[in-house]
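Participant: Mind having a look at this structure? Questions to follow.
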Amino acid sequence: MPDGQGTIQPGSLGELSPPRVQTPERWSLEQIPREWRPEIASSLGDYITRVEASLSSGTGSEREAAILAIDGFLASMGPEAVPTLGAILLREGSEEHRRRIVRTLGRLGGQSEEATEALQRFLLDRSGEPAASEELANVVKVMGLLQNKTSFDALLELVFNPRFPADLKSLAARSLSEHPRGGQESGLFTTLLGEAEDPALRKEAASALGRLRPLGVLVALLSALEKERDLDTTRAILASLGSIRDPLSLPPLEKKARLAAEKDIRLAAASAIASVGSLQALAILKDLAMTEAEPGVRRHLERWIEKLQ
């Protein structure tokens, strides 16, 4: 078998060796993976050149044909392409083409854990670039769709990595809650809700607990509700309390619906009470409707009362 070709071996993505084959000048790789496939790199470079040439001098139909060609080429790739695509991803200068490679690695993630590792490496490489936040968010979404063990571990590491901004951490937390392992690791979200410094991360943790409904979720949500000061996170906690529909949540929900200074919080608390849907909840809503000063909130209360009667 020619040197530099073959099937992927475990851990091969992270093993680098001095260049043994010529690589396209576009990427100028100083090091290449042991499982580097020069024919894939050469063909991909040609397809990219064709796309870019169609932009500068081609017609609309020529550009469409060039895009279909490169997308078709990447769609034909199998797990053997992962080390090559992962190395190229780190060096490719065009965001458009990086997105194509990310999509391909995401598709291959179900066949190769190394594909997830390649995406994680790209995230770490670009973590200090504020302008790349939208692109990195797309990578996090792709990793979330993989739903394999490597993607869960990578997303978990991202959540606790100080190099990443809060919005990416929040997106990673959401992907974790939707992962097959999310229900088994629900303690993670209890910890985030109680201890995360960033309110966006606490908000996502609150929403995750409402979806997963693990044992002890009521205690965790009520404890957080008592001390939370961020309004968006408070609304998320109230929504999750409504989703679990536990009658034991009614007293603190009623307190919030009566005493909160913000009408949106009073409304969210009343909505959670309505979601519980018991006779006790109905009686609370009727009493709230008699004392609520805000007409908009009162109209919602009256609507919920009508539905529950």
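Residue numbers start at 1 in each chain; chains themselves are named A, B, ... in the order of the structure tokens; ligands are numbered from 1 in the order shown.
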Quick one: everything within 12 Å of Ala196 in chain A, counting only C-alpha atoms, minus sequence neighbours fewer than 2 positions away in the same chain. Send it as a VMD selection string.
Facilitator: chain A and resid 159 to 160 162 166 169 to 170 173 188 to 194 198 to 206 224 228 233
Participant: Atoms to include: N, CA and C atoms. Write the selected residues as a PDB file, in the first residue's frame.
Facilitator:
ATOM      1  N   VAL A 159     -18.302  23.385  27.615  1.00  0.00           N
ATOM      2  CA  VAL A 159     -19.119  24.107  28.598  1.00  0.00           C
ATOM      3  C   VAL A 159     -18.266  24.666  29.736  1.00  0.00           C
ATOM      4  N   PHE A 160     -17.224  23.935  30.119  1.00  0.00           N
ATOM      5  CA  PHE A 160     -16.406  24.349  31.259  1.00  0.00           C
ATOM      6  C   PHE A 160     -15.080  24.987  30.845  1.00  0.00           C
ATOM      7  N   PRO A 162     -12.964  28.068  29.841  1.00  0.00           N
ATOM      8  CA  PRO A 162     -13.074  29.535  29.924  1.00  0.00           C
ATOM      9  C   PRO A 162     -12.723  30.255  28.623  1.00  0.00           C
ATOM     10  N   ALA A 166     -19.987  32.864  26.327  1.00  0.00           N
ATOM     11  CA  ALA A 166     -21.179  32.321  26.981  1.00  0.00           C
ATOM     12  C   ALA A 166     -22.188  31.764  25.991  1.00  0.00           C
ATOM     13  N   LYS A 169     -21.198  28.296  25.018  1.00  0.00           N
ATOM     14  CA  LYS A 169     -21.383  27.389  26.147  1.00  0.00           C
ATOM     15  C   LYS A 169     -22.863  27.040  26.315  1.00  0.00           C
ATOM     16  N   SER A 170     -23.708  28.042  26.158  1.00  0.00           N
ATOM     17  CA  SER A 170     -25.147  27.818  26.276  1.00  0.00           C
ATOM     18  C   SER A 170     -25.641  26.877  25.193  1.00  0.00           C
ATOM     19  N   ALA A 173     -24.537  23.415  26.026  1.00  0.00           N
ATOM     20  CA  ALA A 173     -25.363  22.846  27.097  1.00  0.00           C
ATOM     21  C   ALA A 173     -26.687  22.334  26.550  1.00  0.00           C
ATOM     22  N   LEU A 188     -25.441  17.273  35.893  1.00  0.00           N
ATOM     23  CA  LEU A 188     -24.670  18.351  35.289  1.00  0.00           C
ATOM     24  C   LEU A 188     -25.488  19.635  35.235  1.00  0.00           C
ATOM     25  N   PHE A 189     -26.761  19.513  34.847  1.00  0.00           N
ATOM     26  CA  PHE A 189     -27.597  20.702  34.681  1.00  0.00           C
ATOM     27  C   PHE A 189     -28.024  21.279  36.035  1.00  0.00           C
ATOM     28  N   THR A 190     -28.183  20.413  37.023  1.00  0.00           N
ATOM     29  CA  THR A 190     -28.445  20.903  38.375  1.00  0.00           C
ATOM     30  C   THR A 190     -27.263  21.726  38.870  1.00  0.00           C
ATOM     31  N   THR A 191     -26.059  21.230  38.599  1.00  0.00           N
ATOM     32  CA  THR A 191     -24.847  21.952  39.002  1.00  0.00           C
ATOM     33  C   THR A 191     -24.738  23.290  38.267  1.00  0.00           C
ATOM     34  N   LEU A 192     -24.985  23.280  36.975  1.00  0.00           N
ATOM     35  CA  LEU A 192     -24.901  24.524  36.199  1.00  0.00           C
ATOM     36  C   LEU A 192     -25.925  25.545  36.671  1.00  0.00           C
ATOM     37  N   LEU A 193     -27.133  25.091  36.955  1.00  0.00           N
ATOM     38  CA  LEU A 193     -28.179  26.009  37.398  1.00  0.00           C
ATOM     39  C   LEU A 193     -27.811  26.656  38.725  1.00  0.00           C
ATOM     40  N   GLY A 194     -27.175  25.896  39.594  1.00  0.00           N
ATOM     41  CA  GLY A 194     -26.844  26.426  40.909  1.00  0.00           C
ATOM     42  C   GLY A 194     -25.529  27.164  40.990  1.00  0.00           C
ATOM     43  N   ASP A 198     -22.455  32.563  34.470  1.00  0.00           N
ATOM     44  CA  ASP A 198     -23.129  33.232  33.356  1.00  0.00           C
ATOM     45  C   ASP A 198     -24.623  32.925  33.358  1.00  0.00           C
ATOM     46  N   PRO A 199     -25.471  33.957  33.335  1.00  0.00           N
ATOM     47  CA  PRO A 199     -26.922  33.721  33.371  1.00  0.00           C
ATOM     48  C   PRO A 199     -27.449  32.949  32.168  1.00  0.00           C
ATOM     49  N   ALA A 200     -26.816  33.117  30.994  1.00  0.00           N
ATOM     50  CA  ALA A 200     -27.276  32.383  29.813  1.00  0.00           C
ATOM     51  C   ALA A 200     -27.105  30.880  30.009  1.00  0.00           C
ATOM     52  N   LEU A 201     -26.042  30.490  30.700  1.00  0.00           N
ATOM     53  CA  LEU A 201     -25.800  29.073  30.970  1.00  0.00           C
ATOM     54  C   LEU A 201     -26.780  28.561  32.021  1.00  0.00           C
ATOM     55  N   ARG A 202     -27.076  29.375  33.023  1.00  0.00           N
ATOM     56  CA  ARG A 202     -28.078  28.980  34.029  1.00  0.00           C
ATOM     57  C   ARG A 202     -29.449  28.844  33.380  1.00  0.00           C
ATOM     58  N   LYS A 203     -29.754  29.752  32.463  1.00  0.00           N
ATOM     59  CA  LYS A 203     -31.037  29.685  31.761  1.00  0.00           C
ATOM     60  C   LYS A 203     -31.161  28.379  30.986  1.00  0.00           C
ATOM     61  N   GLU A 204     -30.117  28.005  30.264  1.00  0.00           N
ATOM     62  CA  GLU A 204     -30.159  26.773  29.482  1.00  0.00           C
ATOM     63  C   GLU A 204     -30.264  25.557  30.393  1.00  0.00           C
ATOM     64  N   ALA A 205     -29.579  25.608  31.529  1.00  0.00           N
ATOM     65  CA  ALA A 205     -29.659  24.504  32.494  1.00  0.00           C
ATOM     66  C   ALA A 205     -31.076  24.359  33.042  1.00  0.00           C
ATOM     67  N   ALA A 206     -31.719  25.482  33.318  1.00  0.00           N
ATOM     68  CA  ALA A 206     -33.102  25.440  33.821  1.00  0.00           C
ATOM     69  C   ALA A 206     -34.031  24.817  32.789  1.00  0.00           C
ATOM     70  N   ALA A 224     -33.291  27.372  42.977  1.00  0.00           N
ATOM     71  CA  ALA A 224     -32.769  28.371  42.041  1.00  0.00           C
ATOM     72  C   ALA A 224     -33.717  29.562  41.931  1.00  0.00           C
ATOM     73  N   GLU A 228     -32.402  33.412  42.179  1.00  0.00           N
ATOM     74  CA  GLU A 228     -32.081  33.926  40.852  1.00  0.00           C
ATOM     75  C   GLU A 228     -32.496  35.387  40.693  1.00  0.00           C
ATOM     76  N   THR A 233     -33.424  34.041  33.053  1.00  0.00           N
ATOM     77  CA  THR A 233     -33.240  32.755  33.727  1.00  0.00           C
ATOM     78  C   THR A 233     -34.430  32.448  34.629  1.00  0.00           C
TER      79      THR A 233
END
Participant: Going by DSSP on the backbone, which residues of range 174-287 of chain A come out as helix (DSSP H, G or I)? List them as a count of residues only.
Facilitator: 92
Participant: If DSSP is run on the backbone, what residues of range 11-130 of chain A are strand (DSSP E or B)? A reply as a ChimeraX atom specification would be ideal.
Facilitator: /A:16-17,32-33
Participant: Please list as a PyMOL selection string every residue within 12 Å of Glu306 in chain A, counting only C-alpha atoms and excluding residues in the same chain fewer than 4 positions away.
Facilitator: chain A and resi 274+277+282-283+285-286+289+299-302
Participant: Can you pull out the residues contacting range 96-108 of chain A? Cut-off 8 Å, using only C-alpha atoms, and skip same-chain residues under 2 positions away; I want them as a list in words.
Facilitator: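 With the cut-off at 8 Å, the set is Ile48, Asp71, Leu74, Ala75, Met77, Gly78, Pro79, Val82, Leu85, Gly86, Leu89, Glu92, Gly93, Ser94, Gly110, Gln111, Ser112, Ala115, Thr116, Ala118, Leu119, Glu135, Val139, Val142, Met143, Leu145 and Leu146 of chain A.
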Participant: Counting only C-alpha atoms, which residue out of A:Ala87, A:Leu308, A:Leu279, A:Ala261 sits closest to Pro247 in chain A?
Facilitator: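 Result for the nearest residue to Pro247 in chain A: A:Leu279.
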Participant: What's the separation between CA of Arg266 in chain A and CA of Ile305 in chain A, in Å to one decimal place?
Facilitator: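 Going from CA of Arg266 in chain A over to CA of Ile305 in chain A, I get 15.7 Å.
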Participant: Counting only C-alpha atoms, what is within 7 Å of Ala257 in chain A, bar same-chain residues fewer than 5 positions away, as a VMD selection string?
Facilitator: chain A and resid 266 to 267 269 to 270
Participant: Save out the residues we just selected, C-alpha atoms, as a PDB file, in the first residue's frame.
Facilitator:
ATOM      1  CA  ARG A 266     -45.831  37.555  37.286  1.00  0.00           C
ATOM      2  CA  LEU A 267     -47.226  36.374  33.966  1.00  0.00           C
ATOM      3  CA  ALA A 269     -45.455  32.395  37.230  1.00  0.00           C
ATOM      4  CA  ALA A 270     -49.195  32.460  36.553  1.00  0.00           C
TER       5      ALA A 270
END
Participant: Within 8 Å of Glu292 in chain A, counting only C-alpha atoms, which residues show up once you throw out same-chain ones fewer than 5 positions away? Write them as an NGL selection string, please.
Facilitator: :A and (258 or 297-298)
Participant: What is the CA of Gln280 in chain A-CA of Leu209 in chain A distance in Å, reported with one decimal?
Facilitator: 24.4 Å
Participant: How many Å separate CA of Ser207 in chain A from CA of Ile237 in chain A?
Facilitator: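 Going from CA of Ser207 in chain A over to CA of Ile237 in chain A, I get 6.9 Å.
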Participant: Between A:His179, A:Arg245, A:Arg26, A:Lys227, which has the minimum distance to Gly210 in chain A (counting only C-alpha atoms)?
Facilitator: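 Of all the options, A:Arg245 lies closest to Gly210 in chain A.
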Participant: Which of these residues is nearest to Phe164 in chain A, using only C-alpha atoms: A:Gly128, A:Gly72, A:Gly60, A:Gly182?
Facilitator: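 Smallest distance to Phe164 in chain A is found for A:Gly128.
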Participant: Using only C-alpha atoms, which protein or nucleic acid residues come within 8 Å of range 250-252 of chain A? Drop anything in the same chain fewer than 5 positions from it, and give the result as a list in words.
Facilitator: Leu222, Ile273 and Ala281 of chain A
Participant: Please save N, CA and C atoms of the selected residues as a PDB file, in the first residue's frame.
Facilitator:
ATOM      1  N   LEU A 222     -36.811  25.022  42.545  1.00  0.00           N
ATOM      2  CA  LEU A 222     -37.320  25.939  43.570  1.00  0.00           C
ATOM      3  C   LEU A 222     -36.181  26.645  44.300  1.00  0.00           C
ATOM      4  N   ILE A 273     -48.564  28.128  36.965  1.00  0.00           N
ATOM      5  CA  ILE A 273     -49.687  27.683  37.807  1.00  0.00           C
ATOM      6  C   ILE A 273     -50.783  27.066  36.940  1.00  0.00           C
ATOM      7  N   ALA A 281     -54.820  25.024  41.676  1.00  0.00           N
ATOM      8  CA  ALA A 281     -54.258  25.992  40.727  1.00  0.00           C
ATOM      9  C   ALA A 281     -55.342  26.929  40.217  1.00  0.00           C
TER      10      ALA A 281
END
